[in-house]
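Undergrad: Provided below: structure_10.pdb, containing PDB, C-alpha atoms and all ligand atoms.
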ATOM      1  CA  MET A   1     -24.676 -24.120  16.833  1.00  0.00           C
ATOM      2  CA  ASN A   2     -22.735 -22.504  13.987  1.00  0.00           C
ATOM      3  CA  PRO A   3     -22.073 -18.789  14.200  1.00  0.00           C
ATOM      4  CA  LEU A   4     -23.519 -16.919  11.238  1.00  0.00           C
ATOM      5  CA  ASN A   5     -21.658 -13.755  10.263  1.00  0.00           C
ATOM      6  CA  HIS A   6     -22.134 -13.551   6.545  1.00  0.00           C
ATOM      7  CA  VAL A   7     -25.004 -14.518   4.249  1.00  0.00           C
ATOM      8  CA  ALA A   8     -24.651 -14.215   0.466  1.00  0.00           C
ATOM      9  CA  ILE A   9     -27.687 -14.407  -1.793  1.00  0.00           C
ATOM     10  CA  ILE A  10     -28.221 -14.994  -5.508  1.00  0.00           C
ATOM     11  CA  MET A  11     -31.633 -13.389  -5.909  1.00  0.00           C
ATOM     12  CA  ASP A  12     -32.861 -15.406  -8.867  1.00  0.00           C
ATOM     13  CA  GLY A  13     -36.333 -15.650 -10.345  1.00  0.00           C
ATOM     14  CA  ASN A  14     -37.526 -12.064 -10.704  1.00  0.00           C
ATOM     15  CA  GLY A  15     -38.050 -12.331 -14.438  1.00  0.00           C
ATOM     16  CA  ARG A  16     -40.053 -15.558 -14.253  1.00  0.00           C
ATOM     17  CA  TRP A  17     -42.158 -14.203 -11.375  1.00  0.00           C
ATOM     18  CA  GLY A  18     -42.892 -11.029 -13.321  1.00  0.00           C
ATOM     19  CA  LEU A  19     -43.906 -12.866 -16.492  1.00  0.00           C
ATOM     20  CA  LYS A  20     -46.123 -15.278 -14.590  1.00  0.00           C
ATOM     21  CA  ASN A  21     -47.859 -12.727 -12.398  1.00  0.00           C
ATOM     22  CA  LYS A  22     -47.832  -9.427 -14.296  1.00  0.00           C
ATOM     23  CA  ASN A  23     -46.798 -10.363 -17.826  1.00  0.00           C
ATOM     24  CA  SER A  24     -43.661  -8.243 -17.430  1.00  0.00           C
ATOM     25  CA  ARG A  25     -40.137  -9.199 -16.355  1.00  0.00           C
ATOM     26  CA  ASN A  26     -39.575  -5.711 -14.995  1.00  0.00           C
ATOM     27  CA  ALA A  27     -42.547  -6.068 -12.644  1.00  0.00           C
ATOM     28  CA  GLY A  28     -40.655  -9.039 -11.221  1.00  0.00           C
ATOM     29  CA  HIS A  29     -37.623  -6.874 -10.488  1.00  0.00           C
ATOM     30  CA  LYS A  30     -39.864  -4.355  -8.737  1.00  0.00           C
ATOM     31  CA  ALA A  31     -41.360  -7.108  -6.599  1.00  0.00           C
ATOM     32  CA  GLY A  32     -37.835  -8.411  -5.980  1.00  0.00           C
ATOM     33  CA  LEU A  33     -36.903  -5.123  -4.392  1.00  0.00           C
ATOM     34  CA  ASN A  34     -39.630  -5.637  -1.761  1.00  0.00           C
ATOM     35  CA  THR A  35     -38.018  -8.951  -0.886  1.00  0.00           C
ATOM     36  CA  VAL A  36     -34.657  -7.185  -0.565  1.00  0.00           C
ATOM     37  CA  GLU A  37     -36.184  -4.852   2.041  1.00  0.00           C
ATOM     38  CA  LYS A  38     -37.730  -7.752   3.980  1.00  0.00           C
ATOM     39  CA  ILE A  39     -34.489  -9.733   3.978  1.00  0.00           C
ATOM     40  CA  ILE A  40     -32.449  -6.735   5.160  1.00  0.00           C
ATOM     41  CA  LYS A  41     -34.798  -6.374   8.146  1.00  0.00           C
ATOM     42  CA  GLU A  42     -34.636 -10.058   8.944  1.00  0.00           C
ATOM     43  CA  THR A  43     -30.844 -10.086   8.640  1.00  0.00           C
ATOM     44  CA  ILE A  44     -30.646  -7.376  11.293  1.00  0.00           C
ATOM     45  CA  LYS A  45     -33.092  -9.287  13.505  1.00  0.00           C
ATOM     46  CA  ASN A  46     -30.826 -12.318  13.244  1.00  0.00           C
ATOM     47  CA  LYS A  47     -27.811 -10.176  14.203  1.00  0.00           C
ATOM     48  CA  ILE A  48     -25.898 -11.120  11.068  1.00  0.00           C
ATOM     49  CA  GLN A  49     -22.996  -8.752  10.295  1.00  0.00           C
ATOM     50  CA  PHE A  50     -22.674  -9.092   6.509  1.00  0.00           C
ATOM     51  CA  LEU A  51     -25.234  -9.542   3.737  1.00  0.00           C
ATOM     52  CA  THR A  52     -24.005  -9.816   0.146  1.00  0.00           C
ATOM     53  CA  LEU A  53     -26.608  -9.493  -2.604  1.00  0.00           C
ATOM     54  CA  TYR A  54     -25.959 -10.356  -6.243  1.00  0.00           C
ATOM     55  CA  ALA A  55     -27.817  -7.554  -7.988  1.00  0.00           C
ATOM     56  CA  PHE A  56     -26.131  -7.404 -11.417  1.00  0.00           C
ATOM     57  CA  SER A  57     -23.472  -9.634 -12.938  1.00  0.00           C
ATOM     58  CA  THR A  58     -20.965  -8.800 -15.662  1.00  0.00           C
ATOM     59  CA  GLU A  59     -22.987 -11.220 -17.828  1.00  0.00           C
ATOM     60  CA  ASN A  60     -26.261  -9.342 -17.194  1.00  0.00           C
ATOM     61  CA  TRP A  61     -25.158  -6.678 -19.718  1.00  0.00           C
ATOM     62  CA  LYS A  62     -26.337  -9.169 -22.369  1.00  0.00           C
ATOM     63  CA  ARG A  63     -29.975  -8.516 -21.376  1.00  0.00           C
ATOM     64  CA  PRO A  64     -32.246  -6.209 -23.396  1.00  0.00           C
ATOM     65  CA  LYS A  65     -31.445  -2.536 -22.868  1.00  0.00           C
ATOM     66  CA  LYS A  66     -34.960  -1.883 -21.606  1.00  0.00           C
ATOM     67  CA  GLU A  67     -34.539  -4.358 -18.752  1.00  0.00           C
ATOM     68  CA  ILE A  68     -31.051  -3.095 -17.859  1.00  0.00           C
ATOM     69  CA  ASN A  69     -32.287   0.494 -17.739  1.00  0.00           C
ATOM     70  CA  TYR A  70     -35.220  -0.509 -15.573  1.00  0.00           C
ATOM     71  CA  LEU A  71     -32.933  -2.286 -13.099  1.00  0.00           C
ATOM     72  CA  PHE A  72     -30.664   0.742 -12.829  1.00  0.00           C
ATOM     73  CA  THR A  73     -33.621   3.098 -12.379  1.00  0.00           C
ATOM     74  CA  LEU A  74     -34.879   0.852  -9.560  1.00  0.00           C
ATOM     75  CA  LEU A  75     -31.458   1.002  -7.972  1.00  0.00           C
ATOM     76  CA  GLU A  76     -31.252   4.791  -8.345  1.00  0.00           C
ATOM     77  CA  ASN A  77     -34.633   5.232  -6.713  1.00  0.00           C
ATOM     78  CA  PHE A  78     -33.646   2.828  -3.960  1.00  0.00           C
ATOM     79  CA  LEU A  79     -30.530   4.886  -3.240  1.00  0.00           C
ATOM     80  CA  VAL A  80     -32.350   8.216  -3.356  1.00  0.00           C
ATOM     81  CA  ASN A  81     -35.276   7.086  -1.195  1.00  0.00           C
ATOM     82  CA  ARG A  82     -33.712   4.672   1.228  1.00  0.00           C
ATOM     83  CA  ILE A  83     -30.124   5.662   1.958  1.00  0.00           C
ATOM     84  CA  GLU A  84     -30.988   8.136   4.725  1.00  0.00           C
ATOM     85  CA  ASP A  85     -32.995   5.507   6.572  1.00  0.00           C
ATOM     86  CA  LEU A  86     -30.360   2.806   6.062  1.00  0.00           C
ATOM     87  CA  HIS A  87     -27.778   5.243   7.423  1.00  0.00           C
ATOM     88  CA  LYS A  88     -29.956   5.969  10.459  1.00  0.00           C
ATOM     89  CA  GLN A  89     -30.162   2.246  11.068  1.00  0.00           C
ATOM     90  CA  ASN A  90     -26.353   2.133  11.190  1.00  0.00           C
ATOM     91  CA  ILE A  91     -26.140   0.097   7.960  1.00  0.00           C
ATOM     92  CA  LYS A  92     -23.049   0.288   5.766  1.00  0.00           C
ATOM     93  CA  LEU A  93     -23.354  -0.090   2.012  1.00  0.00           C
ATOM     94  CA  LYS A  94     -20.453  -1.367  -0.058  1.00  0.00           C
ATOM     95  CA  ILE A  95     -20.407  -1.973  -3.799  1.00  0.00           C
ATOM     96  CA  LEU A  96     -18.564  -5.020  -5.130  1.00  0.00           C
ATOM     97  CA  GLY A  97     -17.846  -4.447  -8.808  1.00  0.00           C
ATOM     98  CA  LEU A  98     -16.672  -1.870 -11.267  1.00  0.00           C
ATOM     99  CA  LYS A  99     -18.803   1.296 -11.145  1.00  0.00           C
ATOM    100  CA  ASN A 100     -19.092   2.052 -14.825  1.00  0.00           C
ATOM    101  CA  PHE A 101     -22.746   3.021 -14.962  1.00  0.00           C
ATOM    102  CA  SER A 102     -24.302   6.381 -15.817  1.00  0.00           C
ATOM    103  CA  LYS A 103     -22.696   9.438 -14.217  1.00  0.00           C
ATOM    104  CA  ARG A 104     -25.751   9.824 -11.996  1.00  0.00           C
ATOM    105  CA  LEU A 105     -25.761   6.233 -10.757  1.00  0.00           C
ATOM    106  CA  ASN A 106     -21.993   6.205 -10.171  1.00  0.00           C
ATOM    107  CA  LYS A 107     -22.344   9.381  -8.135  1.00  0.00           C
ATOM    108  CA  LEU A 108     -25.233   8.013  -6.078  1.00  0.00           C
ATOM    109  CA  LEU A 109     -23.315   4.804  -5.363  1.00  0.00           C
ATOM    110  CA  ASN A 110     -20.185   6.699  -4.308  1.00  0.00           C
ATOM    111  CA  LEU A 111     -22.222   9.010  -2.081  1.00  0.00           C
ATOM    112  CA  ALA A 112     -24.009   6.076  -0.440  1.00  0.00           C
ATOM    113  CA  GLU A 113     -20.717   4.321   0.279  1.00  0.00           C
ATOM    114  CA  LYS A 114     -19.123   7.472   1.639  1.00  0.00           C
ATOM    115  CA  LYS A 115     -22.093   8.369   3.818  1.00  0.00           C
ATOM    116  CA  THR A 116     -22.398   4.949   5.430  1.00  0.00           C
ATOM    117  CA  TYR A 117     -18.709   4.105   5.609  1.00  0.00           C
ATOM    118  CA  LYS A 118     -18.427   4.083   9.380  1.00  0.00           C
ATOM    119  CA  ASN A 119     -21.673   2.267  10.123  1.00  0.00           C
ATOM    120  CA  LYS A 120     -21.443  -0.870  12.157  1.00  0.00           C
ATOM    121  CA  LYS A 121     -24.716  -2.743  12.580  1.00  0.00           C
ATOM    122  CA  LEU A 122     -24.890  -4.499   9.213  1.00  0.00           C
ATOM    123  CA  GLN A 123     -22.729  -4.285   6.094  1.00  0.00           C
ATOM    124  CA  ILE A 124     -24.628  -4.797   2.862  1.00  0.00           C
ATOM    125  CA  ASN A 125     -22.378  -5.663  -0.055  1.00  0.00           C
ATOM    126  CA  LEU A 126     -24.150  -5.045  -3.307  1.00  0.00           C
ATOM    127  CA  ALA A 127     -22.524  -7.060  -6.088  1.00  0.00           C
ATOM    128  CA  LEU A 128     -23.052  -4.849  -9.124  1.00  0.00           C
ATOM    129  CA  ASN A 129     -21.354  -5.384 -12.454  1.00  0.00           C
ATOM    130  CA  TYR A 130     -19.630  -8.168 -10.551  1.00  0.00           C
ATOM    131  CA  GLY A 131     -17.884 -11.220 -12.002  1.00  0.00           C
ATOM    132  CA  SER A 132     -15.834 -13.572  -9.889  1.00  0.00           C
ATOM    133  CA  LYS A 133     -13.391 -14.742 -12.565  1.00  0.00           C
ATOM    134  CA  TYR A 134     -12.521 -11.146 -13.406  1.00  0.00           C
ATOM    135  CA  GLU A 135     -12.125 -10.375  -9.704  1.00  0.00           C
ATOM    136  CA  ILE A 136      -9.645 -13.251  -9.236  1.00  0.00           C
ATOM    137  CA  ILE A 137      -7.606 -12.433 -12.350  1.00  0.00           C
ATOM    138  CA  ASN A 138      -7.459  -8.792 -11.362  1.00  0.00           C
ATOM    139  CA  ALA A 139      -6.367  -9.707  -7.835  1.00  0.00           C
ATOM    140  CA  LEU A 140      -3.600 -11.904  -9.244  1.00  0.00           C
ATOM    141  CA  LYS A 141      -2.392  -9.119 -11.533  1.00  0.00           C
ATOM    142  CA  ASN A 142      -2.257  -6.685  -8.628  1.00  0.00           C
ATOM    143  CA  LEU A 143      -0.545  -9.191  -6.361  1.00  0.00           C
ATOM    144  CA  LYS A 144       2.092  -9.732  -9.044  1.00  0.00           C
ATOM    145  CA  LYS A 145       2.554  -5.961  -9.399  1.00  0.00           C
ATOM    146  CA  SER A 146       3.027  -5.675  -5.634  1.00  0.00           C
ATOM    147  CA  LYS A 147       5.773  -8.294  -5.914  1.00  0.00           C
ATOM    148  CA  GLY A 148       4.139 -10.151  -3.025  1.00  0.00           C
ATOM    149  CA  LYS A 149       4.436 -13.900  -2.688  1.00  0.00           C
ATOM    150  CA  ILE A 150       1.600 -15.750  -4.396  1.00  0.00           C
ATOM    151  CA  ASN A 151      -0.313 -17.441  -1.623  1.00  0.00           C
ATOM    152  CA  GLU A 152      -3.874 -17.567  -0.335  1.00  0.00           C
ATOM    153  CA  ARG A 153      -3.474 -14.891   2.287  1.00  0.00           C
ATOM    154  CA  ASN A 154      -1.870 -12.391  -0.078  1.00  0.00           C
ATOM    155  CA  LEU A 155      -4.328 -13.013  -2.899  1.00  0.00           C
ATOM    156  CA  THR A 156      -7.259 -12.406  -0.553  1.00  0.00           C
ATOM    157  CA  LYS A 157      -5.914  -8.915   0.125  1.00  0.00           C
ATOM    158  CA  PHE A 158      -6.492  -7.975  -3.514  1.00  0.00           C
ATOM    159  CA  LEU A 159     -10.018  -9.341  -3.844  1.00  0.00           C
ATOM    160  CA  LEU A 160     -12.964  -6.929  -3.771  1.00  0.00           C
ATOM    161  CA  THR A 161     -13.988  -8.643  -0.542  1.00  0.00           C
ATOM    162  CA  LYS A 162     -10.801  -7.816   1.350  1.00  0.00           C
ATOM    163  CA  ASN A 163     -11.649  -7.253   5.023  1.00  0.00           C
ATOM    164  CA  ILE A 164     -14.931  -9.128   4.607  1.00  0.00           C
ATOM    165  CA  PRO A 165     -15.115 -12.654   6.034  1.00  0.00           C
ATOM    166  CA  ASP A 166     -16.094 -15.392   3.583  1.00  0.00           C
ATOM    167  CA  PRO A 167     -19.811 -16.159   3.447  1.00  0.00           C
ATOM    168  CA  ASP A 168     -20.901 -18.847   5.902  1.00  0.00           C
ATOM    169  CA  LEU A 169     -24.074 -19.391   3.946  1.00  0.00           C
ATOM    170  CA  LEU A 170     -25.075 -18.980   0.300  1.00  0.00           C
ATOM    171  CA  ILE A 171     -28.720 -18.973  -0.687  1.00  0.00           C
ATOM    172  CA  ARG A 172     -29.855 -19.140  -4.296  1.00  0.00           C
ATOM    173  CA  THR A 173     -33.558 -18.780  -4.979  1.00  0.00           C
ATOM    174  CA  GLY A 174     -35.315 -19.558  -8.252  1.00  0.00           C
ATOM    175  CA  ASN A 175     -34.916 -23.333  -8.433  1.00  0.00           C
ATOM    176  CA  THR A 176     -31.602 -23.273 -10.300  1.00  0.00           C
ATOM    177  CA  LYS A 177     -28.481 -24.962  -9.014  1.00  0.00           C
ATOM    178  CA  ARG A 178     -25.485 -22.992 -10.185  1.00  0.00           C
ATOM    179  CA  LEU A 179     -23.072 -20.315  -8.935  1.00  0.00           C
ATOM    180  CA  SER A 180     -23.222 -17.976 -11.954  1.00  0.00           C
ATOM    181  CA  ASN A 181     -19.706 -16.551 -11.501  1.00  0.00           C
ATOM    182  CA  PHE A 182     -20.489 -15.359  -7.956  1.00  0.00           C
ATOM    183  CA  LEU A 183     -17.795 -15.303  -5.229  1.00  0.00           C
ATOM    184  CA  LEU A 184     -16.112 -18.456  -6.566  1.00  0.00           C
ATOM    185  CA  TRP A 185     -13.082 -18.021  -4.307  1.00  0.00           C
ATOM    186  CA  GLN A 186     -14.961 -16.880  -1.226  1.00  0.00           C
ATOM    187  CA  LEU A 187     -17.575 -19.664  -1.301  1.00  0.00           C
ATOM    188  CA  ALA A 188     -14.985 -22.441  -0.984  1.00  0.00           C
ATOM    189  CA  TYR A 189     -16.343 -23.619   2.377  1.00  0.00           C
ATOM    190  CA  SER A 190     -19.797 -22.015   2.500  1.00  0.00           C
ATOM    191  CA  GLU A 191     -22.925 -24.019   3.117  1.00  0.00           C
ATOM    192  CA  ILE A 192     -25.131 -23.768   0.036  1.00  0.00           C
ATOM    193  CA  PHE A 193     -28.930 -23.789   0.015  1.00  0.00           C
ATOM    194  CA  PHE A 194     -30.839 -23.899  -3.249  1.00  0.00           C
ATOM    195  CA  GLU A 195     -34.366 -22.642  -2.757  1.00  0.00           C
ATOM    196  CA  LYS A 196     -37.204 -23.510  -5.137  1.00  0.00           C
ATOM    197  CA  LYS A 197     -39.159 -20.295  -4.616  1.00  0.00           C
ATOM    198  CA  LEU A 198     -38.617 -17.360  -6.962  1.00  0.00           C
ATOM    199  CA  TRP A 199     -36.997 -14.348  -5.265  1.00  0.00           C
ATOM    200  CA  PRO A 200     -40.187 -12.224  -5.046  1.00  0.00           C
ATOM    201  CA  ASP A 201     -41.947 -15.156  -3.317  1.00  0.00           C
ATOM    202  CA  PHE A 202     -39.129 -15.687  -0.801  1.00  0.00           C
ATOM    203  CA  LYS A 203     -40.401 -14.685   2.627  1.00  0.00           C
ATOM    204  CA  GLU A 204     -38.929 -14.067   6.071  1.00  0.00           C
ATOM    205  CA  LYS A 205     -40.068 -17.506   7.232  1.00  0.00           C
ATOM    206  CA  ASP A 206     -38.228 -19.177   4.331  1.00  0.00           C
ATOM    207  CA  TYR A 207     -35.082 -17.266   5.246  1.00  0.00           C
ATOM    208  CA  ASN A 208     -35.371 -18.184   8.916  1.00  0.00           C
ATOM    209  CA  LYS A 209     -35.943 -21.845   8.059  1.00  0.00           C
ATOM    210  CA  ILE A 210     -32.661 -21.907   6.122  1.00  0.00           C
ATOM    211  CA  ILE A 211     -30.824 -20.060   8.912  1.00  0.00           C
ATOM    212  CA  LYS A 212     -32.101 -22.595  11.422  1.00  0.00           C
ATOM    213  CA  LYS A 213     -30.952 -25.514   9.269  1.00  0.00           C
ATOM    214  CA  PHE A 214     -27.583 -23.860   8.691  1.00  0.00           C
ATOM    215  CA  LYS A 215     -27.009 -23.395  12.408  1.00  0.00           C
ATOM    216  CA  ASN A 216     -27.365 -27.112  13.004  1.00  0.00           C
ATOM    217  CA  ILE A 217     -25.090 -28.361  10.223  1.00  0.00           C
ATOM    218  CA  LYS A 218     -21.857 -30.023  11.283  1.00  0.00           C
ATOM    219  CA  ARG A 219     -19.246 -27.886   9.516  1.00  0.00           C
ATOM    220  CA  ASN A 220     -15.983 -29.731   9.109  1.00  0.00           C
ATOM    221  CA  PHE A 221     -13.825 -27.455   6.961  1.00  0.00           C
ATOM    222  CA  GLY A 222     -12.037 -30.536   5.660  1.00  0.00           C
ATOM    223  CA  LYS A 223     -11.535 -32.094   9.090  1.00  0.00           C
ATOM    224  CA  ILE A 224     -13.593 -34.975  10.470  1.00  0.00           C
TER     225      ILE A 224
HETATM  226  C1  LIG B 301     -32.162 -12.313 -11.168  1.00  0.00           C
HETATM  227  O1  LIG B 301     -33.439 -12.702 -11.595  1.00  0.00           O
HETATM  228  C2  LIG B 301     -32.205 -10.963 -10.634  1.00  0.00           C
HETATM  229  C3  LIG B 301     -31.473  -9.922 -11.088  1.00  0.00           C
HETATM  230  C4  LIG B 301     -30.537 -10.019 -12.214  1.00  0.00           C
HETATM  231  C5  LIG B 301     -31.621  -8.579 -10.498  1.00  0.00           C
HETATM  232  C6  LIG B 301     -31.792  -8.506  -9.021  1.00  0.00           C
HETATM  233  C7  LIG B 301     -32.447  -7.236  -8.691  1.00  0.00           C
HETATM  234  C8  LIG B 301     -33.335  -7.017  -7.676  1.00  0.00           C
HETATM  235  C9  LIG B 301     -33.692  -8.034  -6.679  1.00  0.00           C
HETATM  236  C10 LIG B 301     -34.002  -5.706  -7.533  1.00  0.00           C
HETATM  237  C11 LIG B 301     -33.101  -4.553  -7.385  1.00  0.00           C
HETATM  238  C12 LIG B 301     -32.230  -4.675  -6.189  1.00  0.00           C
HETATM  239  C13 LIG B 301     -31.686  -3.640  -5.547  1.00  0.00           C
HETATM  240  C14 LIG B 301     -30.791  -3.889  -4.403  1.00  0.00           C
HETATM  241  C15 LIG B 301     -31.982  -2.228  -5.886  1.00  0.00           C
HETATM  242  P1  LIG B 301     -33.681 -13.000 -13.151  1.00  0.00           P
HETATM  243  O2  LIG B 301     -34.132 -11.738 -13.782  1.00  0.00           O
HETATM  244  O3  LIG B 301     -32.451 -13.614 -13.729  1.00  0.00           O
HETATM  245  O4  LIG B 301     -34.847 -14.024 -13.072  1.00  0.00           O
HETATM  246  P2  LIG B 301     -35.174 -15.201 -14.095  1.00  0.00           P
HETATM  247  O5  LIG B 301     -34.152 -16.288 -13.849  1.00  0.00           O
HETATM  248  O6  LIG B 301     -36.534 -15.626 -13.693  1.00  0.00           O
HETATM  249  O7  LIG B 301     -35.101 -14.635 -15.478  1.00  0.00           O
END
When written as structure tokens, how does the structure in this file appear?
TA:
Amino acid sequence: MNPLNHVAIIMDGNGRWGLKNKNSRNAGHKAGLNTVEKIIKETIKNKIQFLTLYAFSTENWKRPKKEINYLFTLLENFLVNRIEDLHKQNIKLKILGLKNFSKRLNKLLNLAEKKTYKNKKLQINLALNYGSKYEIINALKNLKKSKGKINERNLTKFLLTKNIPDPDLLIRTGNTKRLSNFLLWQLAYSEIFFEKKLWPDFKEKDYNKIIKKFKNIKRNFGKI
């Protein structure tokens, strides 16, 4: 059975769920947050060390202001209301992406990272204002500045995910089969599962079904 240390998730389908069920995309994001909570719990139950969630891409800035503001308010409330409990559960929160949000949100994100820095049970990486192409170009620039030799090992040291193992498993909900500029370098050998359900409809049993399938895959990493 394959060890599972790191799950990455593209949480797609909130908007469609919201429109279909409540006539509002934002209602879909709210419902999506409930799924986030459920999946965090289930990740701990499965003794997985790293969970990376794609919460906001560099391309998501093109959405209507009203939706962007709603997403950030959800995130602020999540940080204010939940960080103490996450900390008590020994969960570490790390942000992957440039923190150029409102002063208040930047401060909350920094505080959450600082508070949970030493926690060990589960590391949640929240990809926020994240774009993989930018991450790789930036890593290359910094590697060049450091005058280090350009090779895989050295480049990895300048990625936002330095010290984080590559995802073993990527799940994308929402019935769309694409990577959307997410962890393009790090997903080189990950097993990928595209799930038809929209993120707010994704349940613990769906997650566990994928984990079970993943554990039984023959992973070759290029060998035979
Ligand atoms: C993609 O669905 C989802 C997002 C861009 C936002 C994800 C946010 C959450 C799950 C809630 C907030 C999370 C945290 C951790 C506070 P979409 O809107 O692109 O859906 P669509 O494809 O149906 O339009």
Undergrad: I'd like to know which of A:Ile10, A:Leu75, A:Leu98, A:Leu128 is closest to Asn60 of chain A, using all atoms listed in the file.
TA: A:Leu128
Undergrad: What's around Lys65 of chain A at 12 Å? Count all atoms listed in the file, leave out sequence neighbours fewer than 6 positions away in its own chain, and write the answer as a list in words.
TA: Asn26, Leu71 and Phe72 of chain A
Undergrad: Could you list as an MDAnalysis selection string every residue that has an atom within 6 Å of (-25.1, -8.7, 1.0), using the file's coordinates and counting all atoms listed in the file?
TA: chainID A and resid 8 51:53 124:126
Undergrad: Can you turn the PyMOL selection byres (((chain A and resi 86-95) around 9) and not hetatm) into a concrete residue list for this file, as a ChimeraX atom specification?
TA: /A:82-85,96-99,109-110,112-128,160
Undergrad: Can you list every residue of chain A that has an atom at most 10 Å from ligand LIG 301 (chain B), with its nearest atom pair and the distance in Å to one decimal, using all atoms listed in the file, ordered by chain then number, as a Markdown table?
TA:
| residue | atom | partner | partner_atom | distance |
| --- | --- | --- | --- | --- |
| A:Ile10 | CA | B:LIG301 | C1 | 7.4 |
| A:Met11 | CA | B:LIG301 | C2 | 5.3 |
| A:Asp12 | CA | B:LIG301 | O1 | 3.9 |
| A:Gly13 | CA | B:LIG301 | O6 | 3.4 |
| A:Asn14 | CA | B:LIG301 | O4 | 4.1 |
| A:Gly15 | CA | B:LIG301 | O6 | 3.7 |
| A:Arg16 | CA | B:LIG301 | O6 | 3.6 |
| A:Trp17 | CA | B:LIG301 | O6 | 6.2 |
| A:Gly18 | CA | B:LIG301 | O6 | 7.9 |
| A:Leu19 | CA | B:LIG301 | O6 | 8.4 |
| A:Lys20 | CA | B:LIG301 | O6 | 9.6 |
| A:Arg25 | CA | B:LIG301 | O2 | 7.0 |
| A:Asn26 | CA | B:LIG301 | O2 | 8.2 |
| A:Ala27 | CA | B:LIG301 | C10 | 10.0 |
| A:Gly28 | CA | B:LIG301 | O2 | 7.5 |
| A:His29 | CA | B:LIG301 | C10 | 4.8 |
| A:Lys30 | CA | B:LIG301 | C10 | 6.1 |
| A:Ala31 | CA | B:LIG301 | C10 | 7.5 |
| A:Gly32 | CA | B:LIG301 | C9 | 4.2 |
| A:Leu33 | CA | B:LIG301 | C10 | 4.3 |
| A:Asn34 | CA | B:LIG301 | C10 | 8.1 |
| A:Thr35 | CA | B:LIG301 | C9 | 7.3 |
| A:Val36 | CA | B:LIG301 | C9 | 6.2 |
| A:Glu37 | CA | B:LIG301 | C14 | 8.5 |
| A:Leu53 | CA | B:LIG301 | C14 | 7.2 |
| A:Tyr54 | CA | B:LIG301 | C6 | 6.7 |
| A:Ala55 | CA | B:LIG301 | C6 | 4.2 |
| A:Phe56 | CA | B:LIG301 | C4 | 5.2 |
| A:Ser57 | CA | B:LIG301 | C4 | 7.1 |
| A:Glu59 | CA | B:LIG301 | C4 | 9.5 |
| A:Asn60 | CA | B:LIG301 | C4 | 6.6 |
| A:Trp61 | CA | B:LIG301 | C4 | 9.8 |
| A:Arg63 | CA | B:LIG301 | O2 | 9.2 |
| A:Glu67 | CA | B:LIG301 | O2 | 8.9 |
| A:Ile68 | CA | B:LIG301 | C4 | 8.9 |
| A:Tyr70 | CA | B:LIG301 | C11 | 9.4 |
| A:Leu71 | CA | B:LIG301 | C11 | 6.1 |
| A:Phe72 | CA | B:LIG301 | C15 | 7.7 |
| A:Thr73 | CA | B:LIG301 | C15 | 8.6 |
| A:Leu74 | CA | B:LIG301 | C15 | 5.6 |
| A:Leu75 | CA | B:LIG301 | C15 | 3.9 |
| A:Glu76 | CA | B:LIG301 | C15 | 7.5 |
| A:Asn77 | CA | B:LIG301 | C15 | 8.0 |
| A:Phe78 | CA | B:LIG301 | C15 | 5.7 |
| A:Leu79 | CA | B:LIG301 | C15 | 7.7 |
| A:Ile124 | CA | B:LIG301 | C14 | 9.6 |
| A:Asn125 | CA | B:LIG301 | C14 | 9.6 |
| A:Leu126 | CA | B:LIG301 | C14 | 6.8 |
| A:Ala127 | CA | B:LIG301 | C14 | 9.0 |
| A:Leu128 | CA | B:LIG301 | C14 | 9.1 |
| A:Arg172 | CA | B:LIG301 | C1 | 10.0 |
| A:Thr173 | CA | B:LIG301 | O1 | 9.0 |
| A:Gly174 | CA | B:LIG301 | O5 | 6.6 |
| A:Asn175 | CA | B:LIG301 | O5 | 8.9 |
| A:Thr176 | CA | B:LIG301 | O5 | 8.2 |
| A:Leu198 | CA | B:LIG301 | O6 | 7.3 |
| A:Trp199 | CA | B:LIG301 | C9 | 7.3 |
| A:Pro200 | CA | B:LIG301 | C9 | 7.9 |
Undergrad: I'd like to know which of A:Ala139, A:Ile39, A:Met1, A:Leu169 is closest to Lys203 of chain A, using all atoms listed in the file.
TA: A:Ile39
Undergrad: Between A:Asn151, A:Glu191, A:Tyr134, A:Glu204, which one has atoms that come closest to Lys218 of chain A, using all atoms listed in the file?
TA: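 Of the candidates, the smallest distance to Lys218 of chain A is held by A:Glu191.
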Undergrad: Please report the interatomic distance between atom CA of Ser190 of chain A and atom CA of Leu4 of chain A in Å with one decimal.
TA: 10.8 Å
Undergrad: To one decimal place in Å, what is the distance between atom CA of Phe194 of chain A and atom CA of Lys177 of chain A?
TA: 6.3 Å
Undergrad: Expressed in Å to a single decimal, how great is the separation between atom CA of Phe193 of chain A and atom CA of Phe214 of chain A?
TA: 8.8 Å
Undergrad: Between A:Leu170, A:Lys144, A:Lys66, A:Ile150, which has the minimum distance to Tyr207 of chain A (counting all atoms listed in the file)?
TA: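 Counting all atoms listed in the file, the residue closest to Tyr207 of chain A is A:Leu170.
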Undergrad: Using the chain letters and numbers from the file, which residues does the PyMOL selection byres (((chain A and resi 168) around 12) and not hetatm) grab, as a ChimeraX atom specification?
TA: /A:2-9,48-52,164-167,169-171,186-193,211,214-215,217,219,221
Undergrad: Rank nothing, just name the residue among A:Asn21, A:Thr58, A:Lys145, A:Glu135 nearest to Asn100 of chain A, using only C-alpha atoms.
TA: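 Once distances to Asn100 of chain A are computed over only C-alpha atoms, the minimum belongs to A:Thr58.
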Undergrad: Pick the closest to Lys209 of chain A from A:Glu195, A:Ile137, A:Arg104, A:Gly148: which is it, counting all atoms listed in the file?
TA: A:Glu195
